[in-house]
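Enquirer: Quick one: the structure is below, questions incoming.
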Amino acid sequence: MRVLILGGDGYLGWPTAMDMAARGHDVWVIDNYLRRHMAADTDSEPLIPAPKLPDRAALFEAATGHKIRVTEGDAGDRETLARVFQEFVPEALIHYAEQPSAPYSMRDYDSARITLDNNLGVTFNAIWAILEHAPDCHLIKLGTMGEYGTPNIDIEEGWIDIEHKGRRDTFLFPRAAGSLYHTTKVLDTDLIWFYCRVYGLRATDLMQGPVYGLTLPEAGGDTRLMPHFHYDDIFGTALNRFLVQAVAGVPLTVYGKGGQTRGYLNLLDTLQCVNLAMETPVEPGRLRILNQFTETFSVNALAEQVRRVGGQMGLDVTVQNLPNPRKEAEEHYYNPAHSGLLDLGLQPHYLTDEVMAEMLSLVRDHADRIDTGRILPRVKWN
Ligand SMILES: NC(=O)c1ccc[n+]([C@@H]2O[C@H](COP(=O)([O-])OP(=O)(O)OC[C@H]3O[C@@H](n4cnc5c(N)ncnc54)[C@H](O)[C@@H]3O)[C@@H](O)[C@H]2O)c1
């Protein structure tokens, strides 16, 4: 298939590009390096430096023989997208190109504005590029489980049947995001649903949980082909911060009581999920929503596993609770459905002690690059 990936330099975008190319698809990526610029501006560069897209694509082609076409440009720019669409006419559009950090979106007016304009702008342009240049193209969009928040009822897979005053109908499951970033994802979903209903767009919106993992068969151990690993308070996930804190010998910093529970998945499973979604395109006018995670953990459970596995590797790991910089429930009910991707054939890779030890070893190999000054929270929700 002809697969266009927006955000192809990112943590998920680059591995997806390699994976799709290795599966024999014709792959084209677009990225304007927004993430690299934001990381540089906030002193949040990844642990392992990576070359930019043309060099990565050349390295990958030399190692595997598979070609990845690259456009260094803004997917929020209509002409840039139009040029690529007219030449390539993609059959699937995988849309990762957003500002994905909750803390970044809560920093100040400018960061909030960039998040809102960029995320909604790219989604809007992606939809219009499909409508104008490739109307059969299947939009595969990365949403987030954070769209749902933490309601005190079971979370369904995108939709909920409601009976009201004796009548029934099906609606988008209620959303209650906890940051402006997550709110842009809610708005994306509404925008896509509108264009499905009224214009016949076909779309899959993947409600993904936090992703972990660095090792990919296609990278062949070459760190220049590995995805970015951020461990700072702005772009790093809680698990990435814990791995680095364990190696650096500083306490793992749990925000608040640590009962915050989320659905996680291995990077290898993101690749599977996106591929499964692509292989089963939905019919025109349909918005399919799939909850994309394989297991749930509280922050305390992650910290405990890092402490235990780190201890087995000879690391002296301690845990410290910090006042929570975010506004979120620290103890809550959490029972989201996630059978859709399993039904499509997802074979989960779980967060075993071996997987965690592998990540800790990789971090330890680059311990000299750790800057512990960028791990403690710099952004507060209020
Ligand atoms: N990584 C996770 O754990 C996770 C979890 C849930 C959802 N998601 C979603 O998945 C998507 C990808 O996440 P990621 O972790 O790879 O983020 P990332 O920041 O590493 O990748 C996004 C890429 O998009 C690019 N980009 C942003 N705006 C652009 C624009 N206007 N034009 C061209 N390129 C642009 C960035 O430069 C970056 O390389 C995001 O939409 C994110 O919200 C990620």
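Each chain of the structure tokens is named A, B, ... in the order shown, its residues numbered from 1; ligands are numbered from 1 in display order.
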Kindly work out which residues sit at most 6 Å from ligand 1, using only C-alpha atoms and all ligand atoms, and give the list as an NGL selection string.

Expert: :A and (6-13 or 30-35 or 73-76 or 96-100 or 118 or 122 or 142-144 or 208-211)

Enquirer: Quick one: write out the picked residues with N, CA and C atoms as a short mmCIF file (atom, residue, chain, number, x, y, z; two decimals), in the first residue's frame?

Expert:
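This went into out-v4.cif:
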```cif
data_model
loop_
_atom_site.label_atom_id
_atom_site.label_comp_id
_atom_site.auth_asym_id
_atom_site.auth_seq_id
_atom_site.Cartn_x
_atom_site.Cartn_y
_atom_site.Cartn_z
N LEU A 6 2.41 11.25 8.76
CA LEU A 6 2.64 12.62 9.22
C LEU A 6 3.29 12.52 10.61
N GLY A 7 4.42 13.21 10.78
CA GLY A 7 5.13 13.10 12.05
C GLY A 7 6.12 11.94 12.02
N GLY A 8 6.75 11.74 10.85
CA GLY A 8 7.60 10.56 10.64
C GLY A 8 8.95 10.60 11.33
N ASP A 9 9.29 11.73 11.96
CA ASP A 9 10.55 11.78 12.72
C ASP A 9 10.32 11.43 14.19
N GLY A 10 9.07 11.25 14.60
CA GLY A 10 8.76 11.14 16.02
C GLY A 10 9.03 9.77 16.61
N TYR A 11 8.77 9.70 17.90
CA TYR A 11 8.98 8.45 18.66
C TYR A 11 8.22 7.29 18.02
N LEU A 12 6.99 7.54 17.58
CA LEU A 12 6.22 6.48 16.93
C LEU A 12 6.37 6.52 15.41
N GLY A 13 6.54 7.72 14.85
CA GLY A 13 6.53 7.87 13.40
C GLY A 13 7.69 7.17 12.72
N ILE A 30 6.43 12.82 6.43
CA ILE A 30 6.54 14.28 6.51
C ILE A 30 6.81 14.65 7.96
N ASP A 31 7.72 15.56 8.18
CA ASP A 31 7.94 16.07 9.55
C ASP A 31 8.61 17.45 9.45
N ASN A 32 8.20 18.35 10.32
CA ASN A 32 8.83 19.69 10.34
C ASN A 32 9.74 19.86 11.57
N TYR A 33 10.02 18.78 12.28
CA TYR A 33 10.91 18.78 13.45
C TYR A 33 10.39 19.68 14.58
N LEU A 34 9.07 19.85 14.63
CA LEU A 34 8.51 20.64 15.73
C LEU A 34 8.98 20.10 17.07
N ARG A 35 8.97 18.77 17.19
CA ARG A 35 9.35 18.15 18.46
C ARG A 35 10.80 18.46 18.80
N GLY A 73 8.81 19.21 6.15
CA GLY A 73 7.87 20.30 5.97
C GLY A 73 6.73 20.22 6.96
N ASP A 74 5.90 21.26 6.94
CA ASP A 74 4.82 21.43 7.90
C ASP A 74 3.52 20.81 7.37
N ALA A 75 3.02 19.81 8.08
CA ALA A 75 1.76 19.18 7.66
C ALA A 75 0.58 20.11 7.91
N GLY A 76 0.82 21.20 8.62
CA GLY A 76 -0.23 22.20 8.80
C GLY A 76 -0.28 23.17 7.62
N TYR A 96 0.39 11.21 13.01
CA TYR A 96 1.03 11.32 14.33
C TYR A 96 1.43 12.77 14.64
N ALA A 97 1.27 13.68 13.65
CA ALA A 97 1.96 14.98 13.72
C ALA A 97 1.26 15.96 14.65
N GLU A 98 1.47 15.76 15.94
CA GLU A 98 0.87 16.68 16.91
C GLU A 98 1.89 17.01 18.00
N GLN A 99 1.58 18.05 18.75
CA GLN A 99 2.35 18.36 19.94
C GLN A 99 1.81 17.43 21.02
N PRO A 100 2.58 16.42 21.48
CA PRO A 100 1.98 15.35 22.28
C PRO A 100 2.22 15.45 23.79
N ASN A 118 -1.49 23.89 16.22
CA ASN A 118 -0.80 22.84 15.47
C ASN A 118 -1.67 21.57 15.38
N VAL A 122 -3.28 20.55 11.84
CA VAL A 122 -2.81 19.39 11.05
C VAL A 122 -3.97 18.43 10.80
N LEU A 142 -3.89 9.06 15.60
CA LEU A 142 -3.55 8.71 16.97
C LEU A 142 -4.26 9.64 17.94
N GLY A 143 -5.20 9.08 18.66
CA GLY A 143 -5.82 9.79 19.77
C GLY A 143 -5.15 9.32 21.05
N THR A 144 -5.81 9.50 22.17
CA THR A 144 -5.23 9.07 23.43
C THR A 144 -6.32 8.61 24.39
N GLN A 208 -4.82 5.71 22.32
CA GLN A 208 -3.62 5.01 22.76
C GLN A 208 -3.22 5.42 24.17
N GLY A 209 -2.70 4.48 24.92
CA GLY A 209 -2.12 4.79 26.22
C GLY A 209 -0.64 5.10 26.05
N PRO A 210 0.07 5.45 27.14
CA PRO A 210 1.50 5.71 27.05
C PRO A 210 2.26 4.49 26.51
N VAL A 211 3.20 4.77 25.62
CA VAL A 211 3.97 3.71 24.95
C VAL A 211 5.36 3.67 25.58
#
```

Enquirer: Residues at most 7 Å from A:Gly149, counting only C-alpha atoms, excluding those fewer than 4 positions away in the same chain, as a list in words?

Expert: Arg175, Ala176, Ala177 and Gly178 of chain A

Enquirer: Selection from above, C-alpha atoms, as a PDB file, in the first residue's frame, can you write it?

Expert:
```pdb
ATOM      1  CA  ARG A 175     -14.794  12.861  27.265  1.00  0.00           C
ATOM      2  CA  ALA A 176     -13.143  14.730  30.144  1.00  0.00           C
ATOM      3  CA  ALA A 177      -9.506  15.463  29.316  1.00  0.00           C
ATOM      4  CA  GLY A 178      -7.045  16.529  32.010  1.00  0.00           C
TER       5      GLY A 178
END
```

Enquirer: Would you mind writing down, as a VMD selection string, each residue of stretch 66-292 of chain A that DSSP on the backbone assigns to strand (DSSP E)?

Expert: chain A and resid 68 to 72 92 to 95 138 to 144 159 to 164 167 to 172 202 to 208 211 to 212 252 to 255 261 to 266 287 to 292

Enquirer: Each residue of stretch 190-256 of chain A lying at most 6 Å from stretch 303-324 of chain A should get a row with its shortest atom-to-atom pair and the distance in Å to one decimal, counting only C-alpha atoms; could you produce that, ordered by chain and increasing number, as a Markdown table?

Expert:
```
| residue | atom | partner | partner_atom | distance |
| --- | --- | --- | --- | --- |
| A:Ala246 | CA | A:Val317 | CA | 5.4 |
| A:Pro251 | CA | A:Thr318 | CA | 4.8 |
| A:Leu252 | CA | A:Val319 | CA | 4.6 |
| A:Thr253 | CA | A:Gln320 | CA | 5.1 |
| A:Val254 | CA | A:Asn321 | CA | 4.8 |
| A:Tyr255 | CA | A:Asn324 | CA | 4.5 |
| A:Gly256 | CA | A:Asn324 | CA | 4.5 |
```

Enquirer: Next, dump the selected residues to file, keeping only N, CA and C atoms, as a PDB file, in the first residue's frame.

Expert:
```pdb
ATOM      1  N   ALA A 246      16.484   5.574  38.091  1.00  0.00           N
ATOM      2  CA  ALA A 246      17.060   4.358  38.684  1.00  0.00           C
ATOM      3  C   ALA A 246      18.540   4.245  38.320  1.00  0.00           C
ATOM      4  N   PRO A 251      16.157   9.344  43.532  1.00  0.00           N
ATOM      5  CA  PRO A 251      14.859   8.694  43.802  1.00  0.00           C
ATOM      6  C   PRO A 251      13.892   8.803  42.626  1.00  0.00           C
ATOM      7  N   LEU A 252      13.082   7.767  42.437  1.00  0.00           N
ATOM      8  CA  LEU A 252      12.017   7.823  41.451  1.00  0.00           C
ATOM      9  C   LEU A 252      10.954   8.782  41.988  1.00  0.00           C
ATOM     10  N   THR A 253      10.555   9.743  41.185  1.00  0.00           N
ATOM     11  CA  THR A 253       9.639  10.766  41.695  1.00  0.00           C
ATOM     12  C   THR A 253       8.206  10.466  41.266  1.00  0.00           C
ATOM     13  N   VAL A 254       7.424   9.962  42.222  1.00  0.00           N
ATOM     14  CA  VAL A 254       6.009   9.669  42.013  1.00  0.00           C
ATOM     15  C   VAL A 254       5.221  10.939  42.326  1.00  0.00           C
ATOM     16  N   TYR A 255       4.368  11.372  41.378  1.00  0.00           N
ATOM     17  CA  TYR A 255       3.552  12.567  41.607  1.00  0.00           C
ATOM     18  C   TYR A 255       2.352  12.206  42.494  1.00  0.00           C
ATOM     19  N   GLY A 256       2.251  12.852  43.647  1.00  0.00           N
ATOM     20  CA  GLY A 256       1.109  12.630  44.539  1.00  0.00           C
ATOM     21  C   GLY A 256       1.103  11.225  45.102  1.00  0.00           C
TER      22      GLY A 256
END
```

Enquirer: List the neighbours of A:Ala126 out to 12 Å using only C-alpha atoms; skip same-chain residues closer than 5 positions along the sequence, and give me the result as a count of residues only.

Expert: 44

Enquirer: From the DSSP assignment of the backbone, select every residue of stretch 159-324 of chain A that is helix (DSSP H, G or I), and format the answer as an MDAnalysis selection string.

Expert: chainID A and resid 180:199 217:219 223:225 238:248 267:279 299:312

Enquirer: For A:Tyr231, which of A:Phe194, A:Tyr350, A:Phe88, A:Tyr212 is the closest residue, counting only C-alpha atoms?

Expert: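 That would be A:Tyr212, the residue with the smallest distance to A:Tyr231.
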
Enquirer: At a cut-off of 10 Å, using only C-alpha atoms, what residues contact A:Glu45? Leave out same-chain residues fewer than 4 positions from it and give the result as a PyMOL selection string.

Expert: chain A and resi 35-41+49+228-232+235-236+371+374

Enquirer: Nearest to A:Phe173 among A:Leu341, A:Met145, A:Leu225, A:Ala129, with distances taken over only C-alpha atoms: which residue is it?

Expert: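 Smallest separation from A:Phe173 among the options: A:Met145.
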
Enquirer: Counting only C-alpha atoms, what are the residues of stretch 324-356 of chain A within 12 Å of stretch 103-106 of chain A, and for each of them which pair of atoms is the nearest and at what distance in Å, to one decimal? Sort the table by chain and rising number, as CSV.

Expert:
```
residue,atom,partner,partner_atom,distance
A:Pro325,CA,A:Pro103,CA,9.3
A:Arg326,CA,A:Pro103,CA,8.4
A:Lys327,CA,A:Met106,CA,11.0
```

Enquirer: Looking at A:Arg69, A:Trp14, A:Asp169, A:Arg107, which one is nearest to A:Asn382, with distances taken over only C-alpha atoms?

Expert: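 Selected residue with least distance to A:Asn382: A:Arg107.
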
Enquirer: Nearest to A:Val186: which of A:Glu147, A:Glu295, A:Glu358, A:Asp117 is it, counting only C-alpha atoms?

Expert: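 Between A:Glu147, A:Glu295, A:Glu358, A:Asp117, the residue approaching A:Val186 most closely is A:Glu147.
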
Enquirer: Which residues are close to A:Trp159, i.e. within 7 Å by only C-alpha atoms, leaving aside same-chain residues fewer than 6 positions away? Reply as a ChimeraX atom specification.

Expert: /A:170-173

Enquirer: Considering only C-alpha atoms, state which residue in the set A:Asp43, A:Glu72, A:Asp26, A:Asp353 is at the smallest distance from A:Asp55.

Expert: A:Glu72
